[in-house]
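Data file: model_21.cif. Format and content: mmCIF, C-alpha atoms.
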data_input
#
loop_
_atom_site.label_atom_id
_atom_site.label_comp_id
_atom_site.auth_asym_id
_atom_site.auth_seq_id
_atom_site.Cartn_x
_atom_site.Cartn_y
_atom_site.Cartn_z
CA SER A 280 -4.69 5.24 18.79
CA MET A 281 -2.01 2.73 17.86
CA ASP A 282 -4.35 0.84 15.52
CA ALA A 283 -5.27 4.06 13.74
CA ASP A 284 -1.58 4.96 13.36
CA ARG A 285 -0.79 1.53 11.93
CA LYS A 286 -3.67 1.77 9.48
CA TYR A 287 -2.53 5.23 8.39
CA ALA A 288 1.02 4.01 7.84
CA LEU A 289 -0.09 0.90 5.95
CA ASP A 290 -2.47 2.90 3.76
CA SER A 291 0.34 5.34 2.95
CA ILE A 292 2.95 2.79 1.96
CA GLY A 293 0.39 0.45 0.38
CA ASP A 294 -1.34 -2.53 1.93
CA ASP A 295 -0.92 -4.47 -1.33
CA SER A 296 2.83 -3.93 -1.66
CA THR A 297 5.92 -5.71 -0.37
CA TYR A 298 7.03 -2.28 0.89
CA GLY A 299 4.43 -2.72 3.63
CA LEU A 300 6.55 -5.52 5.08
CA ILE A 301 9.09 -2.87 6.12
CA LEU A 302 6.60 -1.68 8.72
CA GLY A 303 6.52 -5.13 10.31
CA LYS A 304 8.97 -6.66 12.77
CA SER A 305 9.95 -9.66 10.65
CA TRP A 306 13.52 -9.74 9.32
CA LEU A 307 12.30 -11.94 6.48
CA GLY A 308 9.71 -9.32 5.59
CA TRP A 309 12.43 -6.68 5.50
CA ALA A 310 14.56 -8.94 3.29
CA ILE A 311 11.70 -9.45 0.82
CA ALA A 312 11.06 -5.71 0.65
CA LEU A 313 14.75 -4.91 0.14
CA VAL A 314 15.12 -7.60 -2.54
CA THR A 315 12.13 -6.09 -4.34
CA ILE A 316 13.46 -2.53 -4.32
CA THR A 317 16.94 -3.77 -5.26
CA ALA A 318 15.48 -5.56 -8.29
CA GLN A 319 13.56 -2.44 -9.29
CA THR A 320 16.62 -0.23 -8.93
CA TRP A 321 18.77 -2.64 -10.93
CA MET A 322 16.22 -2.77 -13.76
CA LEU A 323 15.87 1.00 -13.85
CA PHE A 324 19.65 1.40 -13.90
CA GLN A 325 19.74 -0.58 -17.16
CA PHE A 326 17.81 2.25 -18.79
CA VAL A 327 20.26 4.78 -17.36
CA LYS A 328 23.19 2.94 -18.91
CA ALA A 329 21.34 2.58 -22.22
CA ALA A 330 20.74 6.34 -22.34
CA GLU A 331 24.40 7.29 -21.85
CA ILE A 332 26.00 9.25 -24.65
CA ASN A 333 28.90 6.96 -25.40
CA LEU A 334 29.78 6.71 -29.08
CA SER A 335 32.14 3.80 -28.45
CA ASP A 336 29.49 1.67 -26.75
CA ASP A 337 27.53 -0.45 -29.20
CA LYS A 338 25.06 -1.42 -26.48
CA SER A 339 23.82 2.14 -26.07
CA ASP A 340 20.23 2.76 -27.19
CA LEU A 341 21.00 6.37 -28.08
CA ARG A 342 19.22 7.45 -31.27
CA TYR A 343 20.92 9.80 -33.72
CA THR A 344 18.27 11.96 -35.33
CA TRP A 345 20.57 14.06 -37.51
CA LYS A 346 20.94 12.62 -41.01
CA CYS A 347 23.57 13.94 -43.38
CA ALA A 348 23.39 13.04 -47.05
CA ARG A 349 26.68 12.66 -48.93
CA ASP A 350 25.59 14.89 -51.76
CA GLN A 351 24.37 17.72 -49.46
CA VAL A 352 26.15 20.21 -47.26
CA ASP A 353 23.40 20.60 -44.68
CA CYS A 354 22.16 17.90 -42.29
CA ASN A 355 18.50 17.31 -41.43
CA ASN A 356 17.05 16.55 -38.01
CA LYS A 357 14.59 13.64 -38.33
CA LEU A 358 13.29 14.03 -34.79
CA GLU A 359 9.49 13.85 -34.77
CA LEU A 360 9.03 14.17 -31.02
CA ASP A 361 7.18 17.36 -30.05
CA PRO A 362 5.09 18.70 -27.12
CA GLN A 363 2.25 16.36 -28.13
CA GLY A 364 4.50 13.53 -26.96
CA TRP A 365 5.91 15.19 -23.83
CA VAL A 366 2.46 16.17 -22.52
CA PRO A 367 1.23 12.54 -22.33
CA PHE A 368 4.60 11.68 -20.77
CA GLY A 369 3.97 14.23 -18.02
CA ILE A 370 0.42 12.98 -17.48
CA LEU A 371 1.66 9.39 -17.10
CA MET A 372 4.36 10.41 -14.63
CA VAL A 373 2.00 12.49 -12.49
CA ALA A 374 -0.77 9.89 -12.51
CA HIS A 375 1.53 7.00 -11.66
CA LEU A 376 4.19 8.49 -9.36
CA SER A 377 2.68 11.48 -7.54
CA LYS A 378 0.75 9.29 -5.07
CA ASP A 379 3.88 7.38 -4.00
CA ILE A 380 5.97 10.55 -3.77
CA ILE A 381 3.38 12.26 -1.57
CA ASN A 382 2.81 9.18 0.60
CA GLY A 383 6.56 8.69 1.00
CA LEU A 384 6.93 12.24 2.30
CA LYS A 385 3.92 11.77 4.59
CA LEU A 386 5.51 8.66 6.09
CA ILE A 387 8.77 10.49 6.68
CA VAL A 388 6.91 13.27 8.48
CA PHE A 389 4.77 10.74 10.37
CA SER A 390 7.90 8.94 11.58
CA ALA A 391 8.72 11.98 13.70
CA LYS A 392 5.52 11.62 15.73
CA GLU A 393 6.37 11.45 19.42
CA THR A 394 3.94 8.63 20.16
CA ASN A 395 5.91 6.29 17.89
CA SER A 396 8.52 4.09 19.50
CA PRO A 397 12.14 4.46 18.28
CA HIS A 398 11.86 1.20 16.31
CA ASP A 399 8.61 2.31 14.71
CA GLN A 400 10.18 5.65 13.80
CA ILE A 401 13.03 3.84 12.04
CA ARG A 402 10.66 1.57 10.12
CA LEU A 403 8.42 4.45 9.08
CA PHE A 404 11.35 6.62 8.04
CA VAL A 405 13.01 3.84 6.03
CA GLY A 406 9.71 2.87 4.39
CA GLY A 407 8.89 6.46 3.46
CA THR A 408 12.40 7.15 2.18
CA LEU A 409 12.43 4.05 -0.03
CA LEU A 410 8.98 4.77 -1.44
CA TRP A 411 9.88 8.40 -2.13
CA SER A 412 13.32 7.61 -3.56
CA ILE A 413 12.26 4.86 -5.99
CA SER A 414 9.48 7.09 -7.31
CA LEU A 415 11.82 10.02 -7.95
CA PHE A 416 14.42 7.71 -9.48
CA THR A 417 11.77 6.33 -11.83
CA LEU A 418 10.89 9.89 -12.90
CA PHE A 419 14.57 10.66 -13.48
CA VAL A 420 15.14 7.47 -15.50
CA SER A 421 12.05 8.01 -17.63
CA THR A 422 13.07 11.57 -18.43
CA ILE A 423 16.67 10.94 -19.46
CA TYR A 424 15.87 7.73 -21.33
CA ASN A 425 13.11 9.29 -23.41
CA HIS A 426 15.25 12.36 -24.04
CA ALA A 427 17.96 10.12 -25.45
CA ILE A 428 15.89 7.46 -27.15
CA ALA A 429 12.41 8.62 -28.12
CA THR A 430 12.18 10.09 -31.61
CA THR A 431 8.37 10.05 -32.04
CA ASN A 432 5.36 10.84 -29.88
CA SER A 433 4.31 7.20 -29.77
CA GLU A 434 7.78 6.02 -28.71
CA ILE A 435 7.88 8.27 -25.64
CA ILE A 436 4.54 6.87 -24.46
CA ILE A 437 5.62 3.27 -25.03
CA ASN A 438 8.95 3.81 -23.26
CA SER A 439 7.23 5.47 -20.32
CA VAL A 440 4.72 2.66 -19.87
CA VAL A 441 7.49 0.05 -19.93
CA ILE A 442 9.54 1.88 -17.31
CA LEU A 443 6.52 2.55 -15.10
CA PHE A 444 5.67 -1.15 -15.18
CA ILE A 445 8.85 -1.80 -13.18
CA THR A 446 7.40 0.21 -10.29
CA ASP A 447 4.54 -2.29 -10.06
CA LEU A 448 6.84 -5.20 -9.20
CA ASP A 449 6.30 -4.70 -5.47
CA GLU A 450 2.56 -5.18 -5.89
CA LEU A 451 3.00 -8.15 -8.22
CA PHE A 452 5.40 -9.88 -5.80
CA PHE A 453 3.02 -9.20 -2.92
CA GLY A 454 0.18 -10.77 -4.87
CA ILE A 455 2.28 -13.91 -5.42
CA LEU A 456 3.10 -14.12 -1.71
CA MET A 457 -0.57 -13.74 -0.78
CA VAL A 458 -1.50 -16.59 -3.11
CA VAL A 459 1.22 -18.81 -1.61
CA ASN A 460 0.32 -18.13 2.05
CA SER A 461 -1.71 -15.08 3.03
CA ARG A 462 -1.53 -15.73 6.79
CA TRP A 463 2.25 -15.97 6.64
CA VAL A 464 2.37 -12.59 4.89
CA ARG A 465 0.02 -11.04 7.45
CA ARG A 466 2.25 -12.22 10.27
CA MET A 467 5.27 -10.55 8.66
CA SER A 468 3.46 -7.24 8.25
CA ILE A 469 1.73 -5.00 10.77
CA GLN A 470 -1.55 -6.58 9.69
CA THR A 471 -1.28 -9.24 12.35
CA THR A 472 -4.89 -10.31 11.98
CA ASP A 473 -6.26 -11.99 8.92
CA PRO A 474 -9.56 -10.50 7.62
CA GLN A 475 -11.30 -13.86 8.06
CA GLU A 476 -10.03 -14.04 11.62
CA GLU A 477 -11.32 -10.53 12.28
CA LEU A 478 -14.75 -11.55 11.01
CA ALA A 479 -14.69 -14.68 13.17
CA ASN A 480 -13.73 -12.58 16.20
CA GLU A 481 -16.60 -10.18 15.54
CA ILE A 482 -19.05 -13.08 15.26
CA SER A 483 -17.75 -14.55 18.53
CA THR A 484 -18.17 -11.19 20.23
CA LEU A 485 -21.74 -10.84 18.96
CA LYS A 486 -22.55 -14.37 20.15
CA ALA A 487 -21.15 -13.56 23.59
CA GLU A 488 -23.22 -10.38 23.77
CA LEU A 489 -26.32 -12.29 22.67
CA GLY A 490 -25.70 -14.92 25.32
CA THR A 491 -25.37 -12.21 27.97
CA SER A 492 -28.65 -10.66 26.82
CA LYS A 493 -30.43 -14.02 27.06
CA GLU A 494 -29.13 -14.51 30.59
CA ALA A 495 -30.39 -11.08 31.56
CA ILE A 496 -33.84 -11.85 30.14
CA VAL A 497 -34.01 -15.16 32.03
CA ARG A 498 -32.94 -13.42 35.25
CA LEU A 499 -35.59 -10.72 34.86
CA THR A 500 -38.24 -13.36 34.11
CA ASN A 501 -37.35 -15.29 37.26
CA GLU A 502 -37.41 -12.10 39.30
CA GLY A 503 -40.85 -11.30 37.87
CA VAL A 504 -42.18 -14.73 38.83
CA ASP A 505 -40.75 -14.36 42.33
CA LEU A 506 -42.34 -10.92 42.65
CA ARG A 507 -45.75 -12.26 41.60
CA GLU A 508 -45.48 -15.03 44.20
CA ARG A 509 -44.70 -12.49 46.92
CA LEU A 510 -47.64 -10.33 45.87
CA SER A 511 -49.90 -13.37 45.95
CA ASN A 512 -48.73 -14.17 49.47
CA ILE A 513 -49.32 -10.59 50.58
CA GLU A 514 -52.83 -10.66 49.05
CA ALA A 515 -53.63 -13.89 50.86
CA ILE A 516 -52.48 -12.42 54.17
CA LEU A 517 -54.59 -9.30 53.69
CA GLU A 518 -57.65 -11.33 52.74
CA ASN A 519 -57.30 -13.37 55.89
CA GLY A 520 -57.26 -10.07 57.74
CA GLY A 521 -60.61 -9.09 56.23
CA ILE A 522 -59.32 -6.82 53.51
CA CYS A 523 -59.86 -7.82 49.90
CA PHE A 524 -57.73 -6.65 47.08
CA ALA A 525 -58.29 -7.16 43.44
CA SER A 526 -56.13 -9.89 42.08
CA PHE A 527 -53.20 -8.94 39.92
#

As structure tokens, how would this structure be written, given the file I've shared?
Amino acid sequence: SMDADRKYALDSIGDDSTYGLILGKSWLGWAIALVTITAQTWMLFQFVKAAEINLSDDKSDLRYTWKCARDQVDCNNKLELDPQGWVPFGILMVAHLSKDIINGLKLIVFSAKETNSPHDQIRLFVGGTLLWSISLFTLFVSTIYNHAIATTNSEIIINSVVILFITDLDELFFGILMVVNSRWVRRMSIQTTDPQEELANEISTLKAELGTSKEAIVRLTNEGVDLRERLSNIEAILENGGICFASF
């Protein structure tokens, strides 16, 4: 059904993210989502620039691990980063990004479903592509930045956590919007009904069903009374004819 498809799409892109506004029909919702992903991309790009190997750029964060003493011919590599640092890095990347990468691909595939309207297909495809792209870009940025900057096992973990925090901006912004005006946010997304409104609708439906049941009970009671009166009349007629029946 359409509701099931919408729920699937919203669950995939995240019902607590500004990315979910892409699935709605509001231009303002689209603008908020695009501003969010633009901010994330811009922040991540700062790490790309900082990791560039440019000896003439004083703003580069590149670490030089080779130390050469003046009184020695050979240079020593002071790099302390080893597999014990890269393994936690991989765990962090998989734990934090794999869900968004998979859900982004699922949305792209789901956008090709024939039951979706052309506009829905565009929204689903754009939403899935953005979710998938920002996740892969985050993985790329984390890898090249740590390769250029991290010199110890603790540094690679710290750098990774900082970069991954940027990917949470969409959820943080969405939380702010929900605090400001949750109904306004719901109207911009495909969640057109507020949870409280859904509960109120369910209560109204139950009350209507209860009222219908009461009417049915009253109707049956009246019919029973009418039937007893008819039986009493029939009994009286038969008694007058000399036939006695036991009373009901």

Legend entry - Nearest candidate to Ala427 (chain A) (options A:Ile496, A:Leu451, A:Ile442, A:Ala329; using all atoms listed in the file): A:Ala329

Edge lengths and centre, in Å to one decimal, as lines of an AutoDock Vina configuration file: that's what I need for the box along x, y and z that holds all listed atoms of region 374-379 of chain A plus 8 Å on each side.
center_x = 1.7
center_y = 9.2
center_z = -8.3
size_x = 21.0
size_y = 20.5
size_z = 24.5

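Coordinates place CA of Ile437 (chain A) at a distance of 25.9 Å from CA of Leu409 (chain A).
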
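Taking CA of Met322 (chain A) and CA of Phe444 (chain A) as the two end points, the separation is 10.8 Å.
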
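Shortest atom-to-atom contact with Ser390 (chain A) among A:Pro367, A:Ser412, A:Ile513, A:Leu302: A:Leu302, counting all atoms listed in the file.
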
Output region 365-376 of chain A from the block with all heavy atoms, as a PDB file, in the first residue's frame?
ATOM      1  N   TRP A 365      44.268   1.126  13.070  1.00  0.00           N
ATOM      2  CA  TRP A 365      43.423   1.033  11.876  1.00  0.00           C
ATOM      3  C   TRP A 365      42.223   0.107  12.080  1.00  0.00           C
ATOM      4  O   TRP A 365      41.165   0.316  11.469  1.00  0.00           O
ATOM      5  CB  TRP A 365      44.255   0.565  10.679  1.00  0.00           C
ATOM      6  CG  TRP A 365      45.119   1.638  10.107  1.00  0.00           C
ATOM      7  CD1 TRP A 365      46.471   1.759  10.235  1.00  0.00           C
ATOM      8  CD2 TRP A 365      44.696   2.769   9.338  1.00  0.00           C
ATOM      9  NE1 TRP A 365      46.921   2.877   9.592  1.00  0.00           N
ATOM     10  CE2 TRP A 365      45.857   3.520   9.028  1.00  0.00           C
ATOM     11  CE3 TRP A 365      43.464   3.223   8.883  1.00  0.00           C
ATOM     12  CZ2 TRP A 365      45.800   4.700   8.285  1.00  0.00           C
ATOM     13  CZ3 TRP A 365      43.403   4.404   8.143  1.00  0.00           C
ATOM     14  CH2 TRP A 365      44.557   5.123   7.854  1.00  0.00           C
ATOM     15  N   VAL A 366      42.366  -0.911  12.921  1.00  0.00           N
ATOM     16  CA  VAL A 366      41.228  -1.811  13.180  1.00  0.00           C
ATOM     17  C   VAL A 366      40.076  -1.076  13.866  1.00  0.00           C
ATOM     18  O   VAL A 366      38.926  -1.168  13.406  1.00  0.00           O
ATOM     19  CB  VAL A 366      41.676  -3.039  14.001  1.00  0.00           C
ATOM     20  CG1 VAL A 366      40.458  -3.824  14.490  1.00  0.00           C
ATOM     21  CG2 VAL A 366      42.580  -3.943  13.175  1.00  0.00           C
ATOM     22  N   PRO A 367      40.323  -0.313  14.947  1.00  0.00           N
ATOM     23  CA  PRO A 367      39.219   0.488  15.513  1.00  0.00           C
ATOM     24  C   PRO A 367      38.648   1.492  14.516  1.00  0.00           C
ATOM     25  O   PRO A 367      37.436   1.759  14.526  1.00  0.00           O
ATOM     26  CB  PRO A 367      39.875   1.205  16.699  1.00  0.00           C
ATOM     27  CG  PRO A 367      41.016   0.334  17.072  1.00  0.00           C
ATOM     28  CD  PRO A 367      41.519  -0.229  15.787  1.00  0.00           C
ATOM     29  N   PHE A 368      39.519   2.046  13.664  1.00  0.00           N
ATOM     30  CA  PHE A 368      39.048   2.958  12.616  1.00  0.00           C
ATOM     31  C   PHE A 368      38.029   2.254  11.726  1.00  0.00           C
ATOM     32  O   PHE A 368      36.963   2.801  11.430  1.00  0.00           O
ATOM     33  CB  PHE A 368      40.239   3.439  11.788  1.00  0.00           C
ATOM     34  CG  PHE A 368      39.854   4.098  10.491  1.00  0.00           C
ATOM     35  CD1 PHE A 368      39.458   5.424  10.462  1.00  0.00           C
ATOM     36  CD2 PHE A 368      39.889   3.383   9.297  1.00  0.00           C
ATOM     37  CE1 PHE A 368      39.099   6.030   9.268  1.00  0.00           C
ATOM     38  CE2 PHE A 368      39.539   3.984   8.103  1.00  0.00           C
ATOM     39  CZ  PHE A 368      39.135   5.318   8.076  1.00  0.00           C
ATOM     40  N   GLY A 369      38.352   1.035  11.286  1.00  0.00           N
ATOM     41  CA  GLY A 369      37.430   0.288  10.438  1.00  0.00           C
ATOM     42  C   GLY A 369      36.130  -0.043  11.146  1.00  0.00           C
ATOM     43  O   GLY A 369      35.042   0.031  10.544  1.00  0.00           O
ATOM     44  N   ILE A 370      36.227  -0.396  12.428  1.00  0.00           N
ATOM     45  CA  ILE A 370      35.022  -0.705  13.196  1.00  0.00           C
ATOM     46  C   ILE A 370      34.112   0.515  13.292  1.00  0.00           C
ATOM     47  O   ILE A 370      32.886   0.429  13.121  1.00  0.00           O
ATOM     48  CB  ILE A 370      35.404  -1.216  14.599  1.00  0.00           C
ATOM     49  CG1 ILE A 370      36.123  -2.567  14.491  1.00  0.00           C
ATOM     50  CG2 ILE A 370      34.160  -1.349  15.479  1.00  0.00           C
ATOM     51  CD1 ILE A 370      36.660  -3.080  15.806  1.00  0.00           C
ATOM     52  N   LEU A 371      34.700   1.681  13.557  1.00  0.00           N
ATOM     53  CA  LEU A 371      33.918   2.914  13.645  1.00  0.00           C
ATOM     54  C   LEU A 371      33.235   3.242  12.319  1.00  0.00           C
ATOM     55  O   LEU A 371      32.060   3.633  12.287  1.00  0.00           O
ATOM     56  CB  LEU A 371      34.818   4.076  14.071  1.00  0.00           C
ATOM     57  CG  LEU A 371      35.262   4.122  15.534  1.00  0.00           C
ATOM     58  CD1 LEU A 371      36.308   5.208  15.736  1.00  0.00           C
ATOM     59  CD2 LEU A 371      34.061   4.350  16.442  1.00  0.00           C
ATOM     60  N   MET A 372      33.963   3.084  11.218  1.00  0.00           N
ATOM     61  CA  MET A 372      33.397   3.395   9.914  1.00  0.00           C
ATOM     62  C   MET A 372      32.236   2.452   9.574  1.00  0.00           C
ATOM     63  O   MET A 372      31.170   2.900   9.115  1.00  0.00           O
ATOM     64  CB  MET A 372      34.483   3.276   8.829  1.00  0.00           C
ATOM     65  CG  MET A 372      35.594   4.314   8.920  1.00  0.00           C
ATOM     66  SD  MET A 372      35.037   6.029   8.752  1.00  0.00           S
ATOM     67  CE  MET A 372      35.311   6.606  10.441  1.00  0.00           C
ATOM     68  N   VAL A 373      32.435   1.168   9.817  1.00  0.00           N
ATOM     69  CA  VAL A 373      31.384   0.189   9.504  1.00  0.00           C
ATOM     70  C   VAL A 373      30.160   0.421  10.380  1.00  0.00           C
ATOM     71  O   VAL A 373      29.020   0.428   9.894  1.00  0.00           O
ATOM     72  CB  VAL A 373      31.912  -1.247   9.690  1.00  0.00           C
ATOM     73  CG1 VAL A 373      30.775  -2.257   9.593  1.00  0.00           C
ATOM     74  CG2 VAL A 373      32.978  -1.561   8.650  1.00  0.00           C
ATOM     75  N   ALA A 374      30.388   0.627  11.683  1.00  0.00           N
ATOM     76  CA  ALA A 374      29.274   0.790  12.611  1.00  0.00           C
ATOM     77  C   ALA A 374      28.471   2.054  12.330  1.00  0.00           C
ATOM     78  O   ALA A 374      27.241   2.068  12.490  1.00  0.00           O
ATOM     79  CB  ALA A 374      29.795   0.801  14.048  1.00  0.00           C
ATOM     80  N   HIS A 375      29.151   3.107  11.885  1.00  0.00           N
ATOM     81  CA  HIS A 375      28.486   4.399  11.741  1.00  0.00           C
ATOM     82  C   HIS A 375      27.961   4.662  10.325  1.00  0.00           C
ATOM     83  O   HIS A 375      26.953   5.360  10.164  1.00  0.00           O
ATOM     84  CB  HIS A 375      29.447   5.527  12.124  1.00  0.00           C
ATOM     85  CG  HIS A 375      28.759   6.782  12.538  1.00  0.00           C
ATOM     86  ND1 HIS A 375      28.398   7.042  13.829  1.00  0.00           N
ATOM     87  CD2 HIS A 375      28.345   7.859  11.824  1.00  0.00           C
ATOM     88  CE1 HIS A 375      27.799   8.220  13.908  1.00  0.00           C
ATOM     89  NE2 HIS A 375      27.761   8.743  12.693  1.00  0.00           N
ATOM     90  N   LEU A 376      28.600   4.105   9.313  1.00  0.00           N
ATOM     91  CA  LEU A 376      28.264   4.470   7.933  1.00  0.00           C
ATOM     92  C   LEU A 376      27.570   3.372   7.138  1.00  0.00           C
ATOM     93  O   LEU A 376      26.878   3.684   6.165  1.00  0.00           O
ATOM     94  CB  LEU A 376      29.540   4.890   7.186  1.00  0.00           C
ATOM     95  CG  LEU A 376      30.287   6.103   7.755  1.00  0.00           C
ATOM     96  CD1 LEU A 376      31.559   6.349   6.952  1.00  0.00           C
ATOM     97  CD2 LEU A 376      29.409   7.341   7.754  1.00  0.00           C
TER      98      LEU A 376
END
